[in-house]
file protein03.cif (mmCIF, C-alpha atoms and all ligand atoms)
data_final
loop_
_atom_site.label_atom_id
_atom_site.label_comp_id
_atom_site.auth_asym_id
_atom_site.auth_seq_id
_atom_site.Cartn_x
_atom_site.Cartn_y
_atom_site.Cartn_z
CA MET A 896 -22.50 -91.36 113.42
CA ALA A 897 -19.02 -90.02 112.79
CA GLU A 898 -18.28 -86.58 114.00
CA GLN A 899 -15.22 -84.69 112.90
CA THR A 900 -13.59 -82.94 115.82
CA THR A 901 -11.08 -80.23 115.20
CA GLU A 902 -9.20 -79.20 118.31
CA THR A 903 -8.49 -75.49 118.56
CA GLU A 904 -5.20 -76.40 120.20
CA GLY A 905 -3.19 -79.52 119.50
CA PRO A 906 -3.43 -81.85 116.55
CA GLN A 907 -6.49 -82.08 114.31
CA ILE A 908 -8.42 -85.25 114.94
CA ASN A 909 -10.28 -86.81 112.03
CA ARG A 910 -12.61 -89.18 113.82
CA GLY A 911 -13.26 -92.28 111.77
CA LEU A 912 -10.41 -91.09 109.50
CA GLN A 913 -13.15 -89.24 107.64
CA GLY A 914 -11.78 -87.31 104.66
CA VAL A 915 -8.20 -88.51 105.26
CA TYR A 916 -6.08 -89.67 102.29
CA PHE A 917 -3.47 -92.20 103.38
CA GLU A 918 -2.27 -93.54 99.99
CA ARG A 919 -2.55 -93.24 96.22
CA SER A 920 -4.51 -95.92 94.36
CA GLU A 921 -5.07 -96.87 90.74
CA VAL A 922 -7.97 -99.22 91.44
CA CYS A 923 -11.13 -97.30 92.21
CA ASP A 924 -12.31 -93.71 92.12
CA ILE A 925 -15.41 -92.37 93.86
CA ASP A 926 -16.95 -88.91 93.57
CA GLY A 927 -19.24 -88.86 96.58
CA LYS A 928 -20.74 -85.48 95.78
CA ALA A 929 -21.70 -86.36 92.22
CA GLY A 930 -22.49 -90.00 93.07
CA SER A 931 -20.01 -91.50 90.58
CA LEU A 932 -17.87 -94.61 90.73
CA TRP A 933 -15.19 -95.95 88.40
CA TYR A 934 -13.19 -99.19 88.50
CA ARG A 935 -9.82 -98.53 86.85
CA GLY A 936 -11.33 -95.65 84.90
CA TYR A 937 -14.48 -97.46 83.72
CA SER A 938 -17.83 -96.12 84.90
CA ILE A 939 -19.78 -98.49 87.12
CA HIS A 940 -22.79 -97.88 84.85
CA ASP A 941 -20.94 -99.28 81.82
CA LEU A 942 -19.60 -102.20 83.81
CA ALA A 943 -22.97 -103.00 85.40
CA THR A 944 -24.85 -102.97 82.10
CA ARG A 945 -22.26 -104.17 79.58
CA SER A 946 -19.77 -106.37 81.41
CA THR A 947 -19.64 -109.61 83.40
CA PHE A 948 -18.22 -110.36 86.84
CA GLU A 949 -15.38 -112.35 85.25
CA GLU A 950 -14.44 -109.35 83.05
CA VAL A 951 -14.61 -107.00 86.03
CA ALA A 952 -12.49 -109.28 88.21
CA TYR A 953 -9.91 -109.44 85.39
CA LEU A 954 -10.02 -105.65 85.05
CA LEU A 955 -9.46 -105.18 88.78
CA ILE A 956 -6.60 -107.67 88.91
CA TYR A 957 -4.73 -106.78 85.72
CA GLY A 958 -5.76 -103.13 85.24
CA GLU A 959 -7.25 -103.55 81.73
CA LEU A 960 -10.36 -105.16 80.28
CA PRO A 961 -9.51 -108.59 78.83
CA THR A 962 -9.46 -109.47 75.15
CA GLY A 963 -11.67 -112.39 74.11
CA ASN A 964 -8.82 -114.89 74.53
CA GLU A 965 -7.73 -113.43 77.86
CA LEU A 966 -11.29 -113.61 79.17
CA GLU A 967 -11.68 -117.21 78.05
CA SER A 968 -8.46 -118.22 79.75
CA PHE A 969 -9.31 -116.26 82.93
CA ALA A 970 -12.82 -117.75 83.12
CA SER A 971 -11.29 -121.25 82.72
CA GLN A 972 -8.84 -120.56 85.54
CA LEU A 973 -11.71 -119.47 87.79
CA LYS A 974 -13.59 -122.67 86.93
CA LEU A 975 -10.49 -124.80 87.57
CA GLN A 976 -10.30 -123.34 91.06
CA ARG A 977 -13.88 -124.32 91.92
CA THR A 978 -12.63 -126.84 94.42
CA LEU A 979 -12.32 -126.91 98.20
CA PRO A 980 -10.07 -129.22 100.24
CA GLU A 981 -11.98 -131.84 102.29
CA LEU A 982 -10.55 -130.25 105.43
CA ILE A 983 -12.52 -127.07 104.75
CA TYR A 984 -15.85 -128.92 104.44
CA GLY A 985 -15.09 -130.55 107.81
CA ILE A 986 -14.32 -127.18 109.40
CA ILE A 987 -17.47 -125.59 107.97
CA ASP A 988 -19.50 -128.50 109.29
CA SER A 989 -17.99 -128.24 112.76
CA VAL A 990 -18.82 -124.52 113.13
CA LYS A 991 -22.01 -124.56 111.04
CA ASP A 992 -24.23 -123.12 113.78
CA ALA A 993 -22.32 -119.83 113.91
CA HIS A 994 -23.34 -116.77 111.83
CA PRO A 995 -22.40 -117.36 108.17
CA MET A 996 -19.90 -114.49 108.30
CA ASP A 997 -18.13 -116.13 111.24
CA VAL A 998 -18.14 -119.42 109.36
CA LEU A 999 -16.77 -117.73 106.22
CA ARG A 1000 -14.03 -116.01 108.24
CA THR A 1001 -13.06 -119.30 109.87
CA ALA A 1002 -13.04 -121.19 106.56
CA VAL A 1003 -10.95 -118.54 104.73
CA SER A 1004 -8.54 -118.61 107.64
CA ALA A 1005 -8.33 -122.40 107.42
CA LEU A 1006 -7.66 -122.17 103.66
CA SER A 1007 -4.27 -120.70 104.53
CA ALA A 1008 -3.36 -124.15 105.86
CA THR A 1009 -3.90 -125.68 102.44
CA ASP A 1010 -2.91 -122.97 99.95
CA PRO A 1011 0.46 -123.81 98.37
CA ASP A 1012 1.43 -120.13 98.03
CA VAL A 1013 0.24 -118.89 101.39
CA THR A 1014 3.51 -117.29 102.52
CA ASP A 1015 4.56 -116.06 99.07
CA ASN A 1016 3.77 -112.35 98.86
CA SER A 1017 4.99 -111.88 95.28
CA ARG A 1018 2.57 -110.28 92.81
CA GLU A 1019 2.41 -113.50 90.78
CA ALA A 1020 1.55 -115.66 93.81
CA ASN A 1021 -0.96 -113.12 95.05
CA ILE A 1022 -2.74 -113.14 91.69
CA SER A 1023 -2.94 -116.96 91.82
CA LYS A 1024 -4.32 -116.73 95.34
CA THR A 1025 -6.80 -114.03 94.27
CA ILE A 1026 -8.17 -116.29 91.54
CA ARG A 1027 -8.38 -119.21 93.97
CA LEU A 1028 -10.13 -117.18 96.66
CA THR A 1029 -12.55 -115.65 94.13
CA SER A 1030 -13.69 -119.19 93.29
CA GLN A 1031 -13.45 -120.62 96.80
CA VAL A 1032 -15.38 -117.94 98.73
CA PRO A 1033 -18.68 -118.68 96.89
CA MET A 1034 -18.06 -122.40 97.42
CA ILE A 1035 -17.63 -121.88 101.17
CA VAL A 1036 -20.79 -119.77 101.39
CA ALA A 1037 -22.85 -122.29 99.40
CA ALA A 1038 -21.42 -125.31 101.25
CA HIS A 1039 -22.31 -123.77 104.61
CA TYR A 1040 -25.79 -122.92 103.35
CA HIS A 1041 -26.54 -126.62 102.86
CA LEU A 1042 -24.43 -128.16 105.60
CA ARG A 1043 -26.10 -126.16 108.34
CA SER A 1044 -29.46 -127.65 107.45
CA GLY A 1045 -27.99 -131.14 107.21
CA LYS A 1046 -28.21 -131.26 103.43
CA PRO A 1047 -25.51 -132.38 101.01
CA VAL A 1048 -23.31 -129.78 99.37
CA ILE A 1049 -24.15 -129.02 95.72
CA GLU A 1050 -21.14 -129.54 93.48
CA PRO A 1051 -20.26 -126.66 91.14
CA ASN A 1052 -21.61 -126.71 87.60
CA PHE A 1053 -18.70 -126.13 85.22
CA GLU A 1054 -21.00 -125.18 82.36
CA LEU A 1055 -22.10 -122.05 84.21
CA GLY A 1056 -20.42 -118.67 84.65
CA HIS A 1057 -19.38 -117.40 88.06
CA ALA A 1058 -22.67 -115.75 89.14
CA ALA A 1059 -24.95 -118.43 87.67
CA ASN A 1060 -22.87 -121.18 89.26
CA PHE A 1061 -23.04 -119.45 92.64
CA LEU A 1062 -26.83 -119.24 92.42
CA TYR A 1063 -26.92 -122.87 91.32
CA MET A 1064 -24.76 -123.98 94.26
CA MET A 1065 -27.07 -122.03 96.61
CA THR A 1066 -30.47 -123.04 95.24
CA GLY A 1067 -29.79 -126.32 93.42
CA GLU A 1068 -31.55 -124.94 90.34
CA ILE A 1069 -30.06 -123.65 87.12
CA PRO A 1070 -31.06 -119.98 87.27
CA SER A 1071 -32.97 -118.22 84.51
CA GLU A 1072 -30.94 -115.89 82.31
CA ASP A 1073 -32.48 -112.87 84.06
CA SER A 1074 -31.73 -114.18 87.55
CA ALA A 1075 -28.16 -115.03 86.60
CA LYS A 1076 -27.68 -111.59 85.05
CA LEU A 1077 -29.06 -109.86 88.14
CA MET A 1078 -26.70 -111.81 90.42
CA ASP A 1079 -23.84 -111.07 88.01
CA THR A 1080 -24.68 -107.35 88.20
CA ASP A 1081 -24.89 -107.57 91.99
CA LEU A 1082 -21.41 -109.12 92.16
CA ILE A 1083 -20.02 -106.47 89.77
CA LEU A 1084 -21.49 -103.68 91.91
CA HIS A 1085 -19.98 -105.15 95.07
CA ALA A 1086 -16.60 -106.07 93.55
CA GLU A 1087 -14.66 -103.00 94.65
CA HIS A 1088 -15.18 -99.76 96.53
CA GLY A 1089 -11.90 -98.12 97.43
CA THR A 1090 -10.74 -98.15 101.02
CA ASN A 1091 -14.05 -98.86 102.69
CA ALA A 1092 -13.76 -100.33 106.21
CA SER A 1093 -13.09 -103.92 105.09
CA SER A 1094 -10.59 -103.07 102.33
CA PHE A 1095 -8.81 -100.64 104.64
CA THR A 1096 -8.63 -103.40 107.25
CA ALA A 1097 -7.13 -105.72 104.63
CA ARG A 1098 -4.53 -103.04 103.81
CA VAL A 1099 -3.68 -102.54 107.49
CA VAL A 1100 -2.97 -106.27 107.81
CA ALA A 1101 -0.98 -106.32 104.55
CA GLY A 1102 0.94 -103.28 105.87
CA THR A 1103 2.55 -105.54 108.45
CA ASP A 1104 3.72 -107.87 105.63
CA ALA A 1105 1.23 -110.51 106.72
CA ASN A 1106 -0.09 -112.62 103.84
CA LEU A 1107 -3.11 -112.29 101.55
CA HIS A 1108 -5.20 -114.88 103.39
CA ALA A 1109 -4.64 -113.09 106.71
CA SER A 1110 -5.68 -109.81 105.08
CA VAL A 1111 -8.87 -111.30 103.61
CA VAL A 1112 -9.78 -112.94 106.94
CA ALA A 1113 -9.55 -109.50 108.57
CA ALA A 1114 -11.61 -107.96 105.75
CA VAL A 1115 -14.36 -110.55 106.25
CA ALA A 1116 -14.41 -109.67 109.96
CA ALA A 1117 -14.74 -105.96 109.17
CA LEU A 1118 -17.49 -106.53 106.63
CA SER A 1119 -19.64 -108.45 109.12
CA GLY A 1120 -20.75 -105.33 111.04
CA PRO A 1121 -24.15 -103.73 110.32
CA ALA A 1122 -22.59 -100.33 109.56
CA HIS A 1123 -20.81 -101.96 106.59
CA GLY A 1124 -21.97 -105.20 104.98
CA GLY A 1125 -24.66 -106.11 107.46
CA ALA A 1126 -27.03 -103.49 106.08
CA ALA A 1127 -28.59 -105.73 103.39
CA GLU A 1128 -29.65 -108.24 106.05
CA ASN A 1129 -31.17 -105.45 108.15
CA VAL A 1130 -32.98 -103.88 105.18
CA MET A 1131 -34.78 -107.14 104.46
CA GLN A 1132 -35.68 -107.45 108.13
CA MET A 1133 -37.03 -103.90 107.97
CA ALA A 1134 -39.11 -104.72 104.85
CA LEU A 1135 -40.52 -107.80 106.60
CA ASP A 1136 -41.30 -105.76 109.75
CA ILE A 1137 -43.04 -103.07 107.67
CA GLY A 1138 -45.11 -105.73 105.93
CA GLU A 1139 -47.23 -103.43 103.73
CA PRO A 1140 -46.23 -100.34 101.68
CA GLU A 1141 -48.82 -98.17 103.52
CA LYS A 1142 -47.03 -98.79 106.81
CA ALA A 1143 -43.60 -97.61 105.63
CA ALA A 1144 -44.02 -93.91 106.46
CA ASP A 1145 -44.97 -94.56 110.10
CA TYR A 1146 -42.20 -97.10 110.48
CA VAL A 1147 -39.58 -94.63 109.25
CA LYS A 1148 -41.05 -91.87 111.43
CA GLN A 1149 -40.71 -94.09 114.51
CA LEU A 1150 -37.11 -95.01 113.66
CA ARG A 1151 -36.19 -91.36 113.29
CA LYS A 1152 -38.02 -90.51 116.53
CA ASP A 1153 -35.90 -93.15 118.28
CA ARG A 1154 -32.83 -91.63 116.53
CA LYS A 1155 -32.12 -94.97 114.87
CA PRO A 1156 -30.59 -95.15 111.37
CA VAL A 1157 -32.73 -96.39 108.51
CA MET A 1158 -30.80 -99.32 107.10
CA GLY A 1159 -29.68 -99.08 103.48
CA PHE A 1160 -29.49 -95.28 103.70
CA GLY A 1161 -26.50 -93.05 104.19
CA HIS A 1162 -22.90 -93.52 103.28
CA ARG A 1163 -19.58 -92.30 104.52
CA VAL A 1164 -18.54 -91.09 101.05
CA TYR A 1165 -21.69 -90.55 98.96
CA ARG A 1166 -23.76 -87.45 99.48
CA ALA A 1167 -25.71 -88.06 96.25
CA GLU A 1168 -27.41 -91.41 95.65
CA ASP A 1169 -25.03 -94.36 95.60
CA PRO A 1170 -24.55 -94.94 91.83
CA ARG A 1171 -24.80 -98.70 92.35
CA ALA A 1172 -28.32 -98.50 93.79
CA ARG A 1173 -30.11 -97.76 90.49
CA HIS A 1174 -28.96 -101.03 88.90
CA MET A 1175 -30.26 -103.08 91.81
CA ARG A 1176 -33.48 -101.02 92.00
CA GLU A 1177 -34.40 -101.92 88.43
CA GLY A 1178 -33.50 -105.56 89.07
CA VAL A 1179 -35.67 -105.71 92.20
CA ARG A 1180 -38.59 -104.12 90.37
CA LYS A 1181 -38.40 -106.67 87.56
CA LEU A 1182 -37.72 -109.68 89.75
CA SER A 1183 -40.40 -108.93 92.33
CA GLU A 1184 -42.97 -108.47 89.55
CA GLU A 1185 -41.82 -111.63 87.72
CA MET A 1186 -42.06 -113.63 90.94
CA GLY A 1187 -45.54 -112.30 91.65
CA GLN A 1188 -44.37 -110.46 94.79
CA PRO A 1189 -44.38 -106.76 93.75
CA LYS A 1190 -45.03 -105.86 97.38
CA TRP A 1191 -41.32 -105.93 98.26
CA TYR A 1192 -40.42 -103.36 95.61
CA GLN A 1193 -43.40 -101.23 96.69
CA ILE A 1194 -42.35 -101.35 100.36
CA LEU A 1195 -38.80 -100.29 99.48
CA GLN A 1196 -40.03 -97.44 97.31
CA ALA A 1197 -42.37 -96.32 100.12
CA VAL A 1198 -39.35 -96.20 102.47
CA VAL A 1199 -37.45 -94.14 99.88
CA GLU A 1200 -40.40 -91.77 99.69
CA ALA A 1201 -40.53 -91.48 103.50
CA MET A 1202 -36.79 -90.78 103.60
CA SER A 1203 -36.90 -88.13 100.84
CA PRO A 1204 -36.67 -85.17 103.29
CA TYR A 1205 -33.24 -86.50 104.36
CA SER A 1206 -31.92 -86.45 100.81
CA ARG A 1207 -31.00 -82.76 101.10
CA LEU A 1208 -28.83 -83.73 104.12
CA GLY A 1209 -26.94 -86.15 101.88
CA VAL A 1210 -28.66 -89.27 103.23
CA ASN A 1211 -29.77 -91.37 100.23
CA VAL A 1212 -30.15 -95.02 99.36
CA ASN A 1213 -27.00 -97.12 99.16
CA VAL A 1214 -26.31 -100.34 97.24
CA ASP A 1215 -27.44 -102.55 100.11
CA PHE A 1216 -30.94 -101.13 100.14
CA TYR A 1217 -32.06 -103.22 97.18
CA ALA A 1218 -29.61 -106.13 97.27
CA GLY A 1219 -31.28 -107.97 100.17
CA VAL A 1220 -34.62 -108.24 98.38
CA VAL A 1221 -32.93 -109.85 95.37
CA TYR A 1222 -31.46 -112.56 97.59
CA TYR A 1223 -34.73 -112.95 99.49
CA LEU A 1224 -36.67 -113.47 96.26
CA HIS A 1225 -34.24 -116.26 95.43
CA GLY A 1226 -35.24 -117.91 98.69
CA ILE A 1227 -31.87 -117.27 100.34
CA SER A 1228 -31.92 -116.79 104.14
CA GLU A 1229 -31.18 -113.29 105.41
CA ASP A 1230 -28.06 -114.20 107.36
CA PHE A 1231 -26.43 -115.18 104.04
CA PHE A 1232 -26.79 -111.69 102.56
CA VAL A 1233 -23.48 -110.37 103.89
CA PRO A 1234 -21.58 -113.48 102.76
CA ILE A 1235 -22.95 -112.80 99.25
CA PHE A 1236 -21.45 -109.31 99.52
CA SER A 1237 -18.13 -111.08 100.30
CA VAL A 1238 -18.49 -113.23 97.17
CA GLY A 1239 -18.55 -110.04 95.10
CA ARG A 1240 -15.92 -108.17 97.11
CA THR A 1241 -13.24 -110.89 97.21
CA PRO A 1242 -11.32 -109.70 94.11
CA GLY A 1243 -11.57 -106.10 95.34
CA TRP A 1244 -10.05 -106.98 98.72
CA CYS A 1245 -7.27 -108.96 97.07
CA VAL A 1246 -6.45 -106.19 94.60
CA GLN A 1247 -6.26 -103.63 97.40
CA VAL A 1248 -3.81 -105.94 99.19
CA ILE A 1249 -1.74 -106.47 96.04
CA GLU A 1250 -1.56 -102.70 95.56
CA GLN A 1251 -0.58 -102.25 99.21
CA PHE A 1252 2.27 -104.76 98.81
CA GLU A 1253 3.56 -102.91 95.73
CA ASN A 1254 4.56 -99.92 97.85
CA ASN A 1255 4.15 -101.27 101.32
CA ILE A 1256 4.21 -99.26 104.49
CA LEU A 1257 3.12 -100.02 108.03
CA LEU A 1258 -0.20 -98.26 108.70
CA ARG A 1259 0.03 -96.79 112.13
CA PRO A 1260 -1.99 -93.63 112.94
CA LEU A 1261 -2.06 -91.90 116.32
CA THR A 1262 -4.64 -91.31 118.99
CA LEU A 1263 -4.43 -88.15 121.07
CA TYR A 1264 -4.10 -89.19 124.69
CA THR A 1265 -6.81 -87.69 126.92
CA GLY A 1266 -6.43 -90.01 129.94
CA PRO A 1267 -5.10 -89.19 133.43
CA GLU A 1268 -1.88 -87.22 133.94
CA PRO A 1269 1.14 -89.36 134.94
CA ARG A 1270 0.56 -90.51 138.52
CA ASP A 1271 2.18 -92.56 141.24
CA TYR A 1272 1.61 -96.29 141.41
CA VAL A 1273 -0.24 -97.24 144.59
CA GLU A 1274 0.49 -100.64 146.11
CA LEU A 1275 -2.47 -103.05 146.15
CA ALA A 1276 -2.67 -102.99 149.94
CA ASP A 1277 -2.92 -99.17 149.95
CA ARG A 1278 -5.72 -98.78 147.34
C1 LIG A 1301 -23.18 -95.87 106.57
C2 LIG A 1301 -23.17 -94.98 107.80
C3 LIG A 1301 -22.53 -95.77 108.98
C4 LIG A 1301 -22.36 -93.73 107.50
O1 LIG A 1301 -22.26 -93.06 108.69
P1 LIG A 1301 -21.61 -91.60 108.81
O2 LIG A 1301 -20.62 -91.36 107.74
O3 LIG A 1301 -21.14 -91.50 110.18
O4 LIG A 1301 -22.92 -90.72 108.58
P2 LIG A 1301 -22.97 -89.18 108.30
O5 LIG A 1301 -21.88 -88.50 109.03
O6 LIG A 1301 -23.06 -89.00 106.85
O7 LIG A 1301 -24.37 -88.75 108.91
C5 LIG A 1301 -24.84 -87.43 108.67
C6 LIG A 1301 -26.22 -87.28 109.27
O8 LIG A 1301 -27.13 -88.14 108.57
C7 LIG A 1301 -27.78 -89.00 109.47
N1 LIG A 1301 -27.84 -90.34 108.88
C8 LIG A 1301 -26.84 -91.01 108.31
N2 LIG A 1301 -27.26 -92.24 107.92
C9 LIG A 1301 -28.56 -92.30 108.26
C10 LIG A 1301 -29.53 -93.32 108.13
N3 LIG A 1301 -29.24 -94.49 107.57
N4 LIG A 1301 -30.76 -93.07 108.58
C11 LIG A 1301 -31.06 -91.90 109.14
N5 LIG A 1301 -30.19 -90.89 109.31
C12 LIG A 1301 -28.94 -91.10 108.87
C13 LIG A 1301 -26.88 -89.06 110.70
O9 LIG A 1301 -27.65 -89.33 111.87
C14 LIG A 1301 -26.30 -87.69 110.73
O10 LIG A 1301 -27.23 -86.83 111.35
P3 LIG A 1301 -26.78 -85.92 112.59
O11 LIG A 1301 -25.76 -85.00 111.99
O12 LIG A 1301 -28.06 -85.28 113.01
O13 LIG A 1301 -26.20 -86.87 113.59
C15 LIG A 1301 -24.61 -94.57 108.20
O14 LIG A 1301 -25.16 -93.82 107.16
C16 LIG A 1301 -25.48 -95.76 108.55
O15 LIG A 1301 -25.44 -96.27 109.68
N6 LIG A 1301 -26.31 -96.25 107.57
C17 LIG A 1301 -27.15 -97.39 107.78
C18 LIG A 1301 -26.35 -98.67 107.57
C19 LIG A 1301 -26.05 -98.90 106.11
O16 LIG A 1301 -26.91 -98.84 105.26
N7 LIG A 1301 -24.78 -99.26 105.85
C20 LIG A 1301 -24.32 -99.64 104.53
C21 LIG A 1301 -23.38 -98.64 103.97
S1 LIG A 1301 -22.97 -99.08 102.29
#

call {"tool": "encode", "arguments": {"input": "protein03.cif", "output": "structure tokens", "more": "lines below"}}
Ligand SMILES: CC(C)(COP(=O)(O)OP(=O)(O)OC[C@H]1O[C@@H](n2cnc3c(N)ncnc32)[C@H](O)[C@@H]1OP(=O)(O)O)[C@@H](O)C(=O)NCCC(=O)NCCS
result
Amino acid sequence: MAEQTTETEGPQINRGLQGVYFERSEVCDIDGKAGSLWYRGYSIHDLATRSTFEEVAYLLIYGELPTGNELESFASQLKLQRTLPELIYGIIDSVKDAHPMDVLRTAVSALSATDPDVTDNSREANISKTIRLTSQVPMIVAAHYHLRSGKPVIEPNFELGHAANFLYMMTGEIPSEDSAKLMDTDLILHAEHGTNASSFTARVVAGTDANLHASVVAAVAALSGPAHGGAAENVMQMALDIGEPEKAADYVKQLRKDRKPVMGFGHRVYRAEDPRARHMREGVRKLSEEMGQPKWYQILQAVVEAMSPYSRLGVNVNVDFYAGVVYYLHGISEDFFVPIFSVGRTPGWCVQVIEQFENNILLRPLTLYTGPEPRDYVELADR
């Protein structure tokens, strides 16, 4: 866990850059104490319940909600970009046994070899690349899902919206309206979150004037860790390990005794409940009941109950606590949960990079040296 160390003498050290502002941003605002989140001034609650992923992606990219015509044109552009070069399928196939996040990182990196605008860092080119990547990332994830089990890739369905098409490419079935809406909400909730570890990483790479693809590759790498995106995968594993709601309290007690974190709880910024969690909670409740598996919702709620004493310490559920069960109920393997996070976050990463380029600066903090005093070099023979 991060600890903030303030030296009595010498510079103040903010371990983990906790509480440090390094830039201004017009994209996303978070009030961690109140548990509030806004994308470009719009509350996440309005966006989650009234908007679509396409509208939210447009909002993030262009700064305003689209008109009807703008949305239609944007959604068509996204559909037009539902295509992957043959080379990428070959690369996915050749590394298919790696973790899906490693495969995604490799495939996004390889896309830079085929993108016509890869070295163009203008706003216009970066918006084109953002739209392409927003459509290509779900295609990579879905293609890997099938290729690794030796099955053919499912071609996109151009009749479907972004979230429904992603589910279709993953499962091979046209999703119900409710399932598609839940996935759409999930992607909206994951679309942007300020300078979290992966978006900050993307900005650091953009700060060197590297290109958008390089920045997104780095963001995918940062997201793969369990302290960031990996939590959803671990929450589902925890639910499976617990097995029955009655066993949740003992399970949590043991984790705390071993001083291990309970996955899907805690957040670097939120002290109140993560505002995104409630939308997924309701979705999980409905879906697990509809699918005749209410146990998963009950297990999660039993974990929440067992963790309630920690709430006053600011440790509450985060968005990943419920997301994993949604994917699980769709029959999606656990190691694909973090890649699904990437599907939602792609426009957010790109927009952070575009904003970084608009007023670019090399990001280069300092570490306070605490190693040995300067000393004489000793020849190898004399050591
Ligand atoms: C996300 C996370 C890395 C944030 O870490 P952080 O900012 O360093 O955590 P904090 O400084 O807020 O921790 C404050 C206290 O709460 C405890 N805490 C934080 N998260 C906890 C968790 N998930 N379970 C149990 N206790 C937790 C810490 O141990 C710490 O207690 P201490 O002061 O006795 O050491 C951390 O909460 C975590 O590992 N969560 C689980 C993984 C997860 O769900 N990640 C997804 C985030 S969206």

call {"tool": "closest_residue", "arguments": {"input": "protein03.cif", "among": "A:Ala1143, A:Asp1136, A:Arg1000, A:Leu1118", "to": "Ser1094 (chain A)", "atoms": "all atoms listed in the file"}}
result
A:Leu1118

call {"tool": "atom_distance", "arguments": {"input": "protein03.cif", "atom1": "CA of Thr1009 (chain A)", "atom2": "CA of Ala1116 (chain A)"}}
result
20.6 Å

call {"tool": "closest_residue", "arguments": {"input": "protein03.cif", "among": "A:Ile1026, A:Ala1127, A:Ile1227, A:Leu955", "to": "Ala970 (chain A)", "atoms": "all atoms listed in the file"}}
result
A:Ile1026

call {"tool": "residues_near_point", "arguments": {"input": "protein03.cif", "point": "(-21.2, -117.3, 86.8)", "cutoff": "8 Å", "atoms": "all atoms listed in the file", "output": "list in words"}}
result
Phe948, Glu949, Leu1055, Gly1056, His1057, Ala1058, Ala1059, Asn1060, Phe1061, Ala1075 and Asp1079 of chain A

call {"tool": "atom_distance", "arguments": {"input": "protein03.cif", "atom1": "CA of Glu1087 (chain A)", "atom2": "CA of Val922 (chain A)"}}
result
8.3 Å

call {"tool": "residues_around", "arguments": {"input": "protein03.cif", "residues": "Tyr1063 (chain A)", "least_positions_apart": "2", "cutoff": "12 Å", "atoms": "all atoms listed in the file", "output": "PyMOL selection string"}}
result
chain A and resi 1033-1034+1037-1038+1048-1061+1065-1071+1074-1075+1078+1225+1227

call {"tool": "atom_distance", "arguments": {"input": "protein03.cif", "atom1": "CA of Arg1098 (chain A)", "atom2": "CA of Val1112 (chain A)"}}
result
11.6 Å

call {"tool": "closest_residue", "arguments": {"input": "protein03.cif", "among": "A:His1162, A:His1088, A:His1108, A:Lys1046", "to": "Thr1029 (chain A)", "atoms": "only C-alpha atoms"}}
result
A:His1108

call {"tool": "build_atoms", "arguments": {"input": "protein03.cif", "residues": "region 1041-1052 of chain A", "atoms": "N, CA and C atoms", "output": "CSV table (one decimal), keeping the file's coordinate frame"}}
result
chain,number,residue,atom,x,y,z
A,1041,HIS,N,-25.9,-125.3,102.8
A,1041,HIS,CA,-26.5,-126.6,102.9
A,1041,HIS,C,-26.2,-127.4,104.1
A,1042,LEU,N,-24.9,-127.3,104.5
A,1042,LEU,CA,-24.4,-128.2,105.6
A,1042,LEU,C,-25.2,-127.8,106.9
A,1043,ARG,N,-25.5,-126.5,107.1
A,1043,ARG,CA,-26.1,-126.2,108.3
A,1043,ARG,C,-27.5,-126.7,108.5
A,1044,SER,N,-28.1,-127.0,107.3
A,1044,SER,CA,-29.5,-127.6,107.4
A,1044,SER,C,-29.4,-129.1,107.2
A,1045,GLY,N,-28.2,-129.7,107.3
A,1045,GLY,CA,-28.0,-131.1,107.2
A,1045,GLY,C,-28.1,-131.7,105.8
A,1046,LYS,N,-28.0,-130.8,104.8
A,1046,LYS,CA,-28.2,-131.3,103.4
A,1046,LYS,C,-26.8,-131.4,102.8
A,1047,PRO,N,-26.8,-132.2,101.7
A,1047,PRO,CA,-25.5,-132.4,101.0
A,1047,PRO,C,-25.1,-131.1,100.2
A,1048,VAL,N,-23.8,-130.9,100.1
A,1048,VAL,CA,-23.3,-129.8,99.4
A,1048,VAL,C,-23.6,-130.0,97.9
A,1049,ILE,N,-23.9,-128.9,97.2
A,1049,ILE,CA,-24.2,-129.0,95.7
A,1049,ILE,C,-22.8,-128.7,95.0
A,1050,GLU,N,-22.4,-129.7,94.2
A,1050,GLU,CA,-21.1,-129.5,93.5
A,1050,GLU,C,-21.3,-128.4,92.4
A,1051,PRO,N,-20.2,-127.7,92.1
A,1051,PRO,CA,-20.3,-126.7,91.1
A,1051,PRO,C,-20.6,-127.2,89.8
A,1052,ASN,N,-21.3,-126.3,89.0
A,1052,ASN,CA,-21.6,-126.7,87.6
A,1052,ASN,C,-20.6,-126.0,86.7
